[in-house]
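Remarks on the structure that follows.
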Amino acid sequence: MEGILEYPYPNRVGSDVVFPKKIDVAIIGGGIIGVSTAFALAEQGVEVAIFEKGEIANEQSCRNWGFCRTAGRDIREIPLAIESLRCWDHLQTVAGTELGFRRPGIIHGSTKEKDLAVQENWLDKAKQFGVSSKIINQKELASLMGEKAASTMVGAMYTPDDGRAEPTLAASGIALAAHKLGVKIYNQCAVRGFETTGGKIGAVVTEKGKVECNIALIAGGAWSSTLCRGLGLRFPQLAVRTPVMHVEARLAGPAFDASFFNIDDFAMRKRLDGSYTISRGTYVIADVVPDSFRFLKDFIPLLKLEHKHIKIRAGKRFVDHLFNAGKQALDKPSIFEKHRILDPEPDIAMNMDAFAKMPKLFSEFEGARIIRHWAGYIDATPDTVPVISAIDDIPGLHLASGFSGHGFGIGPGAGYLMADIIMNKSPRVDPKPYRFSRMNDGTKFAPQCGV
């Protein structure tokens, strides 16, 4: 088998030595959402600490595909996606380190007229937000991706303002920038749960001790539902596994600078060093766990919509979650300490299926070497829209999770929006679509099929 089985390690972010007794805002989770929120708060002089059970950005924030896009987003997410691109521009400028953010554009190619019609329909709805997307014909497409690839397409949606960033650089780089602004960072420090005072958040209880706080933000990715359960909160969230691979650089020139998303069931992103990240488009693997049954009713609309793209698998993860996914004891090692870093096994066959399509579109991939395979877990909500919200029933508690595969690209915008909510400032985008209350107030989940 060509390529090694290893996830792409991000830049190392060290831990602070002195453990705090009290902090203004405690952030649980050191992924792109947590570190972006921390940075946005630190810019305003707020005392913030990030508590990460493993290492900063070692789960999905370093394993994702790296797209930063507005195109094809759920209509409810478009304003946040546009704002996030502005935040990416800002962070790349002020972070003081390379995040890999560039705006070379993204192409959504279509091999069938019906697929192009779906893109046109999306664009008709999205135009109200001022997106830069446009439908291009085969000749225009050839100038961007070459004659061979364009000849297999009937057209495409091209979004010149969209971009990409490097998952191995971005979240860790933002964390380092936040640290320079005074944010405290604690790796290998799982938050087991919370203490409340008078119904309000009073402290986070970590494996290293209790830290008093006025505000706590759960930004734990696939772990967030378990953390919520400890407070009696029902957060319907499931994780799906996505395999990815890294392929050596074989293409050159401006015609190949744009990234290609979901073309003939695969996605391809050019990396900062000229090599490529490639994955099997929108196909995912759903590992069956106890929560699969607990939240089945919530996810039925999504399963009906996307069943062709979901492979259901049963395995050892069910047993692991069966004995560890209940309410976590605050005075004993928790599931968060037993699983410091989620490192799922990639589906090599799925990766190779995507890789086999590459030479048919780009002759430069003939004989190209696969550098590595890896996989990550995407945490999803039933409507595939994240929660970015205060929790009304527990004053001081906030949740930013369930980004459904969109978290990296809209992470900075989500972080700044979360900071607005925490600081009771006028939100930069309407937060209503991301409210937590919709999870349990009878709102009908209406997932939208992406393009």
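A note on labels: chains of the structure tokens are A, B, ... as shown, every chain counts residues from 1, and ligands are counted from 1 in their shown order.
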
- request: Taking the chain letters and numbering used in this document, name the residues of segment 4-114 of chain A that DSSP puts in alpha helix (DSSP H), as a ChimeraX atom specification.
  value: /A:32-42,60-63,78-94,113-114

What's around Trp88 of chain A at 8 Å? Count only C-alpha atoms, leave out sequence neighbours fewer than 2 positions away in its own chain, and write the answer as an mmCIF file with N, CA, C and O atoms, in the first residue's frame.
```cif
data_model
loop_
_atom_site.group_PDB
_atom_site.id
_atom_site.type_symbol
_atom_site.label_atom_id
_atom_site.label_comp_id
_atom_site.auth_asym_id
_atom_site.auth_seq_id
_atom_site.Cartn_x
_atom_site.Cartn_y
_atom_site.Cartn_z
ATOM 1 N N SER A 84 -16.484 35.186 7.675
ATOM 2 C CA SER A 84 -15.305 34.399 8.033
ATOM 3 C C SER A 84 -14.140 34.647 7.086
ATOM 4 O O SER A 84 -12.982 34.673 7.512
ATOM 5 N N LEU A 85 -14.426 34.824 5.803
ATOM 6 C CA LEU A 85 -13.344 35.149 4.870
ATOM 7 C C LEU A 85 -12.676 36.465 5.258
ATOM 8 O O LEU A 85 -11.448 36.607 5.174
ATOM 9 N N ARG A 86 -13.470 37.433 5.705
ATOM 10 C CA ARG A 86 -12.890 38.698 6.175
ATOM 11 C C ARG A 86 -12.038 38.458 7.421
ATOM 12 O O ARG A 86 -10.969 39.064 7.575
ATOM 13 N N HIS A 90 -8.008 39.105 8.099
ATOM 14 C CA HIS A 90 -7.520 39.821 9.282
ATOM 15 C C HIS A 90 -6.497 38.984 10.048
ATOM 16 O O HIS A 90 -5.407 39.481 10.389
ATOM 17 N N LEU A 91 -6.821 37.728 10.295
ATOM 18 C CA LEU A 91 -5.924 36.872 11.075
ATOM 19 C C LEU A 91 -4.612 36.618 10.348
ATOM 20 O O LEU A 91 -3.540 36.615 10.972
ATOM 21 N N GLN A 92 -4.668 36.418 9.031
ATOM 22 C CA GLN A 92 -3.438 36.207 8.274
ATOM 23 C C GLN A 92 -2.524 37.427 8.382
ATOM 24 O O GLN A 92 -1.296 37.310 8.410
ATOM 25 N N PHE A 101 -3.395 31.004 4.463
ATOM 26 C CA PHE A 101 -4.645 31.461 3.855
ATOM 27 C C PHE A 101 -4.377 32.200 2.559
ATOM 28 O O PHE A 101 -3.571 33.137 2.496
ATOM 29 N N PRO A 412 -13.017 31.050 11.939
ATOM 30 C CA PRO A 412 -12.710 32.394 12.423
ATOM 31 C C PRO A 412 -13.950 33.278 12.570
ATOM 32 O O PRO A 412 -14.096 33.982 13.571
ATOM 33 N N GLY A 413 -14.853 33.232 11.603
ATOM 34 C CA GLY A 413 -16.083 34.010 11.710
ATOM 35 C C GLY A 413 -16.921 33.554 12.880
ATOM 36 O O GLY A 413 -17.513 34.372 13.605
#
```

- prompt: Hey, what's within 8 Å of Val183 of chain A if we count only C-alpha atoms and toss same-chain stuff fewer than 4 positions away? As a list in words, please?
  reply: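 Listed by chain and then number, they are Ala38, Phe39, Ala42, Glu47, Val48, Ala49, Ile50, Ala178 and His179 of chain A.
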
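Nearest-residue note for Gly109 of chain A: choosing from A:Met268, A:Ala95, A:Val17, A:Ile32, the minimum distance belongs to A:Met268, counting only C-alpha atoms.
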
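Residue nearest Met423 of chain A within the list A:Pro359, A:Gly105, A:Gly54, A:Gly45: A:Gly45 [criterion: smallest interatomic distance, only C-alpha atoms].
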